>>> print(open('run.csv').read())   # CSV, C-alpha atoms
chain,number,residue,atom,x,y,z
P,1,ASP,CA,169.6,59.8,44.8
P,2,THR,CA,170.9,61.8,41.9
P,3,GLY,CA,167.4,62.4,40.8
P,4,ALA,CA,166.2,64.0,44.0
P,5,PRO,CA,165.2,67.7,43.4
P,6,LEU,CA,168.0,69.1,45.6
P,7,SER,CA,170.6,66.9,43.8
P,8,LEU,CA,169.4,68.0,40.4
P,9,TRP,CA,169.5,71.6,41.5
P,10,ASN,CA,173.1,71.2,42.8
P,11,ASP,CA,174.2,69.6,39.6
P,12,ALA,CA,175.1,72.6,37.3
P,13,GLY,CA,174.6,70.7,34.1
P,14,HIS,CA,171.2,69.1,35.0
P,15,ARG,CA,170.0,72.4,36.5
P,16,ALA,CA,170.8,74.3,33.4
P,17,ASN,CA,169.1,71.8,31.1
P,18,ILE,CA,165.9,71.8,33.2
P,19,GLN,CA,165.9,75.6,33.6
P,20,ALA,CA,166.3,76.0,29.8
P,21,VAL,CA,163.0,74.2,29.4
P,22,LEU,CA,161.3,76.2,32.2
P,23,ASP,CA,162.6,79.4,30.7
P,24,THR,CA,160.3,79.0,27.7
P,25,GLY,CA,157.4,79.9,30.1
P,26,THR,CA,155.3,77.1,28.4
P,27,VAL,CA,155.7,74.4,31.1
P,28,GLU,CA,152.2,73.7,32.4
P,29,MET,CA,153.1,70.8,34.8
P,30,PHE,CA,156.4,70.0,36.6
P,31,GLY,CA,157.0,66.6,38.2
P,32,MET,CA,159.5,65.5,40.8
P,33,THR,CA,160.4,62.3,42.7
P,34,TYR,CA,161.6,61.7,46.2
P,35,ALA,CA,164.9,60.2,47.5
P,36,SER,CA,166.3,60.0,51.0
P,37,SER,CA,169.2,62.2,50.0
P,38,GLY,CA,166.8,65.2,49.9
P,39,PRO,CA,164.3,64.6,52.7
P,40,THR,CA,163.2,68.2,53.3
P,41,THR,CA,161.2,70.6,51.2
P,42,ALA,CA,164.4,72.6,50.4
P,43,GLY,CA,165.0,71.2,46.9
P,44,TYR,CA,161.3,71.3,46.0
P,45,GLU,CA,161.1,74.9,47.0
P,46,LEU,CA,164.0,75.8,44.7
P,47,TRP,CA,162.3,74.2,41.7
P,48,LEU,CA,158.9,75.6,42.6
P,49,ASP,CA,160.2,79.1,43.0
P,50,TYR,CA,162.0,78.9,39.7
P,51,ALA,CA,159.2,77.3,37.7
P,52,LEU,CA,156.6,79.7,39.1
P,53,SER,CA,158.9,82.7,38.2
P,54,LYS,CA,158.5,81.6,34.6
P,55,ASN,CA,154.9,80.5,34.6
P,56,LEU,CA,152.6,81.4,37.6
P,57,ASP,CA,150.1,78.8,36.4
P,58,THR,CA,152.4,75.8,36.7
P,59,LYS,CA,151.0,72.8,38.4
P,60,PHE,CA,153.3,70.4,40.3
P,61,PHE,CA,153.2,66.7,41.2
P,62,ILE,CA,155.5,64.6,43.3
P,63,ALA,CA,155.6,60.8,43.0
P,64,LEU,CA,156.8,58.6,45.9
P,65,PRO,CA,158.7,55.7,44.6
P,66,TRP,CA,158.6,52.1,45.8
P,67,SER,CA,161.0,50.8,48.4
P,68,ASP,CA,164.5,49.4,47.8
P,69,PHE,CA,165.6,45.8,48.0
P,70,PRO,CA,162.3,44.0,47.7
P,71,SER,CA,163.8,40.6,48.0
P,72,ASP,CA,164.7,41.4,51.6
P,73,TYR,CA,161.0,41.4,52.5
P,74,THR,CA,157.9,39.3,52.4
P,75,ALA,CA,155.1,40.9,50.4
P,76,ALA,CA,153.3,41.9,53.6
P,77,ALA,CA,156.4,43.4,55.1
P,78,TYR,CA,157.1,45.3,51.9
P,79,ALA,CA,153.6,46.8,52.0
P,80,ASP,CA,154.1,47.7,55.6
P,81,VAL,CA,157.1,49.8,54.7
P,82,TRP,CA,155.6,51.7,51.8
P,83,GLN,CA,151.8,52.1,52.4
P,84,PRO,CA,152.0,53.8,55.9
P,85,GLN,CA,154.7,56.1,54.7
P,86,HIS,CA,152.7,57.2,51.7
P,87,ASP,CA,149.4,57.6,53.5
P,88,GLY,CA,150.9,59.4,56.5
P,89,PRO,CA,154.2,61.3,56.3
P,90,TRP,CA,154.1,61.6,52.5
P,91,HIS,CA,150.7,63.3,52.5
P,92,ASP,CA,151.9,65.4,55.4
P,93,PHE,CA,154.9,66.4,53.2
P,94,ILE,CA,152.5,67.4,50.4
P,95,ASP,CA,150.5,69.5,52.9
P,96,GLU,CA,153.7,71.2,54.0
P,97,LEU,CA,154.5,72.2,50.5
P,98,ARG,CA,150.9,73.4,49.9
P,99,ALA,CA,151.1,75.6,53.0
P,100,LEU,CA,154.2,77.2,51.6
P,101,TYR,CA,152.6,77.8,48.2
P,102,PRO,CA,149.0,78.7,48.8
P,103,GLY,CA,146.9,78.7,45.6
P,104,VAL,CA,149.5,76.5,43.7
P,105,GLU,CA,148.2,73.1,42.7
P,106,ILE,CA,150.5,70.4,44.2
P,107,PHE,CA,149.5,66.7,44.1
P,108,CYS,CA,151.0,63.3,44.4
P,109,ILE,CA,151.0,60.1,42.3
P,110,PRO,CA,151.0,56.8,44.1
P,111,HIS,CA,152.9,54.8,41.4
P,112,GLY,CA,155.0,53.1,44.1
P,113,GLN,CA,152.0,51.2,45.2
P,114,VAL,CA,152.1,49.2,41.9
P,115,ALA,CA,155.2,47.4,43.2
P,116,VAL,CA,153.4,46.7,46.5
P,117,GLU,CA,150.3,45.3,44.8
P,118,MET,CA,152.2,43.2,42.3
P,119,PHE,CA,154.7,41.8,44.9
P,120,SER,CA,151.6,40.5,46.8
P,121,LEU,CA,150.2,38.9,43.7
P,122,PHE,CA,153.5,37.3,42.8
P,123,GLU,CA,154.0,35.9,46.3
P,124,ALA,CA,150.5,34.4,46.2
P,125,GLY,CA,151.2,32.8,42.8
P,126,ASN,CA,148.7,35.0,41.0
P,127,LEU,CA,151.2,36.9,38.7
P,128,THR,CA,151.8,34.5,35.9
P,129,ASP,CA,153.5,37.1,33.6
P,130,VAL,CA,156.7,36.8,35.6
P,131,SER,CA,158.6,33.8,36.8
P,132,VAL,CA,160.9,35.3,39.5
P,133,LEU,CA,160.8,38.2,41.8
P,134,THR,CA,164.2,39.5,40.6
P,135,GLY,CA,165.5,38.7,37.1
P,136,GLY,CA,166.4,40.3,33.8
P,137,ALA,CA,165.0,40.1,30.3
P,138,GLY,CA,161.4,40.4,31.4
P,139,GLU,CA,161.5,37.4,33.6
P,140,GLY,CA,161.4,39.2,36.9
P,141,LEU,CA,159.1,41.7,38.7
P,142,PHE,CA,162.2,43.6,39.5
P,143,ARG,CA,165.4,43.6,37.3
P,144,ASP,CA,168.0,43.5,40.1
P,145,TYR,CA,168.5,43.2,43.8
P,146,LYS,CA,168.2,47.0,44.5
P,147,GLY,CA,164.8,47.0,42.8
P,148,HIS,CA,164.5,50.7,43.0
P,149,SER,CA,164.5,52.4,39.5
P,150,HIS,CA,165.1,48.9,38.2
P,151,VAL,CA,161.6,47.5,37.6
P,152,GLY,CA,160.6,44.8,35.2
P,153,GLU,CA,158.4,45.5,32.2
P,154,ILE,CA,155.1,44.7,33.8
P,155,LEU,CA,155.7,47.1,36.7
P,156,HIS,CA,156.9,49.8,34.3
P,157,ASP,CA,153.8,49.4,32.1
P,158,THR,CA,151.4,49.4,35.1
P,159,MET,CA,153.0,52.5,36.5
P,160,GLU,CA,152.5,54.2,33.1
P,161,LEU,CA,148.8,53.5,33.5
P,162,VAL,CA,148.7,55.1,37.0
P,163,TRP,CA,150.4,58.2,35.6
P,164,LEU,CA,147.9,58.4,32.6
P,165,ASN,CA,145.0,58.4,35.0
P,166,ALA,CA,146.7,60.7,37.6
P,167,ILE,CA,147.8,63.4,35.1
P,168,TYR,CA,145.4,63.1,32.2
P,169,GLY,CA,142.3,61.5,33.8
P,170,VAL,CA,142.3,58.6,31.4
P,171,GLU,CA,139.5,56.3,32.4
P,172,LEU,CA,141.4,53.0,32.5
P,173,ASP,CA,138.4,50.7,32.3
P,174,LYS,CA,137.5,52.4,29.0
P,175,TYR,CA,141.0,52.8,27.7
P,176,ALA,CA,141.4,50.8,24.4
P,177,TYR,CA,145.1,50.1,24.9
P,178,ALA,CA,145.8,46.3,25.1
P,179,PRO,CA,148.9,45.8,27.3
P,180,GLY,CA,149.4,42.1,26.2
P,181,TYR,CA,149.7,40.6,29.7
P,182,ILE,CA,147.7,37.8,31.3
P,183,THR,CA,147.3,40.0,34.4
P,184,ASP,CA,144.8,42.8,34.1
P,185,ILE,CA,147.2,45.6,34.7
P,186,LYS,CA,144.6,48.2,33.8
P,187,ALA,CA,142.4,46.9,36.6
P,188,ILE,CA,145.3,47.1,39.1
P,189,ALA,CA,146.2,50.7,38.1
P,190,LYS,CA,142.5,51.7,38.3
P,191,SER,CA,142.2,50.1,41.8
P,192,ILE,CA,145.2,52.0,43.0
P,193,MET,CA,143.9,55.3,41.7
P,194,ASP,CA,140.4,54.7,42.9
P,195,GLY,CA,141.8,54.0,46.4
P,196,HIS,CA,144.0,57.1,46.5
P,197,ASP,CA,142.9,59.9,48.8
P,198,PRO,CA,141.2,62.3,46.3
P,199,ALA,CA,142.5,65.3,48.4
P,200,TYR,CA,145.9,64.5,47.0
P,201,ASP,CA,144.8,64.0,43.4
P,202,LYS,CA,145.1,66.5,40.6
P,203,GLN,CA,142.3,69.0,40.9
>>> encode(input="run.csv", output="structure tokens")
Amino acid sequence: DTGAPLSLWNDAGHRANIQAVLDTGTVEMFGMTYASSGPTTAGYELWLDYALSKNLDTKFFIALPWSDFPSDYTAAAYADVWQPQHDGPWHDFIDELRALYPGVEIFCIPHGQVAVEMFSLFEAGNLTDVSVLTGGAGEGLFRDYKGHSHVGEILHDTMELVWLNAIYGVELDKYAYAPGYITDIKAIAKSIMDGHDPAYDKQ
């Protein structure tokens, strides 16, 4: 919750640190996350207004995280929480921001879907790189019960690949990086981005 745009704006220290970077006028892309503590566009508008006042060409992305407390769900139920929220209300939220800022590029990154896909693989016994759903030291898909912002290494590394494709257009099936997992995480990340509605991708 402290990382929500409105929370960061209302924290004088964090706001000053971020604004100092924006004040250089060289920021080309500004990214934000979502938390239920800031469910409206208000915090996003504050940051968009400030960033655009320093560089009118700034592009923006917002990444919807995965859901809290994964061990409270089956994999199917976990997917039923995140996926409809992303494909429906979340895209509507992006559209709302776009309507407020015509001509400004605003897109989203579906990195939260990585947790959904890997939870499903784990439950089916097809994720041999981790031994438990929740556990530390690289053993678990998630590092603790909350799960949110506490992902295991394989989730973290797969989300990085989603971001590489979403922001930089890296072709993951041609990307030379070898992650070192049994699971083909590049293929998972590529599948997620291939299935993402292109209307909400970086243009």
>>> closest_residue(input="run.csv", among="P:Trp163, P:Tyr44, P:Phe30, P:Phe119", to="P:Ser71", atoms="only C-alpha atoms")
P:Phe119
>>> atom_distance(input="run.csv", atom1="atom CA of P:Glu28", atom2="atom CA of P:Gly103")
15.1 Å
>>> residues_around(input="run.csv", residues="P:Ser67", least_positions_apart="3", cutoff="8 Å", atoms="only C-alpha atoms", output="JSON, numbers by chain")
{"P": [70, 78, 81, 82, 112, 147, 148]}
>>> atom_distance(input="run.csv", atom1="atom CA of P:Ile182", atom2="atom CA of P:Tyr73")
25.3 Å
>>> atom_distance(input="run.csv", atom1="atom CA of P:Arg143", atom2="atom CA of P:Thr2")
19.6 Å
>>> residues_near_point(input="run.csv", point="(159.1, 79.5, 31.9)", cutoff="9 Å", atoms="all atoms listed in the file", output="list in words")
Gln19, Ala20, Val21, Leu22, Asp23, Thr24, Gly25, Thr26, Val27, Tyr50, Ala51, Leu52, Ser53, Lys54, Asn55 and Leu56 of chain P
>>> closest_residue(input="run.csv", among="P:Ile185, P:Leu48, P:Cys108, P:Ala176", to="P:Asp157", atoms="all atoms listed in the file")
P:Ile185
>>> closest_residue(input="run.csv", among="P:Leu8, P:Leu172, P:Leu97, P:Ile62", to="P:Asp194", atoms="all atoms listed in the file")
P:Leu172
>>> closest_residue(input="run.csv", among="P:Ala4, P:Leu100, P:Ile94, P:Ala76", to="P:Ala115", atoms="only C-alpha atoms")
P:Ala76
>>> closest_residue(input="run.csv", among="P:Thr158, P:Asn17, P:Asn165, P:Thr41", to="P:Pro5", atoms="only C-alpha atoms")
P:Thr41
>>> residues_around(input="run.csv", residues="P:His86", least_positions_apart="5", cutoff="9 Å", atoms="only C-alpha atoms", output="JSON, numbers by chain")
{"P": [64, 91, 110, 112, 113]}
>>> residues_around(input="run.csv", residues="P:Gly3", least_positions_apart="3", cutoff="10 Å", atoms="all atoms listed in the file", output="PyMOL selection string")
chain P and resi 6-9+11+14+32-35+37-38
>>> residues_around(input="run.csv", residues="P:Thr183", least_positions_apart="5", cutoff="8 Å", atoms="all atoms listed in the file", output="VMD selection string")
chain P and resid 127 to 129
>>> closest_residue(input="run.csv", among="P:Gly135, P:Asp173, P:Ala77, P:Pro102", to="P:Ser191", atoms="all atoms listed in the file")
P:Asp173
>>> residues_around(input="run.csv", residues="P:Ala124", least_positions_apart="6", cutoff="12 Å", atoms="all atoms listed in the file", output="PyMOL selection string")
chain P and resi 74-76+117-118+133
>>> write_last_selection(input="run.csv", atoms="C-alpha atoms", output="compact mmCIF listing (two decimals), keeping the file's coordinate frame")
# COMPACT_ATOMS: atom_id res chain seq x y z
CA THR P 74 157.90 39.30 52.40
CA ALA P 75 155.10 40.90 50.40
CA ALA P 76 153.30 41.90 53.60
CA GLU P 117 150.30 45.30 44.80
CA MET P 118 152.20 43.20 42.30
CA LEU P 133 160.80 38.20 41.80
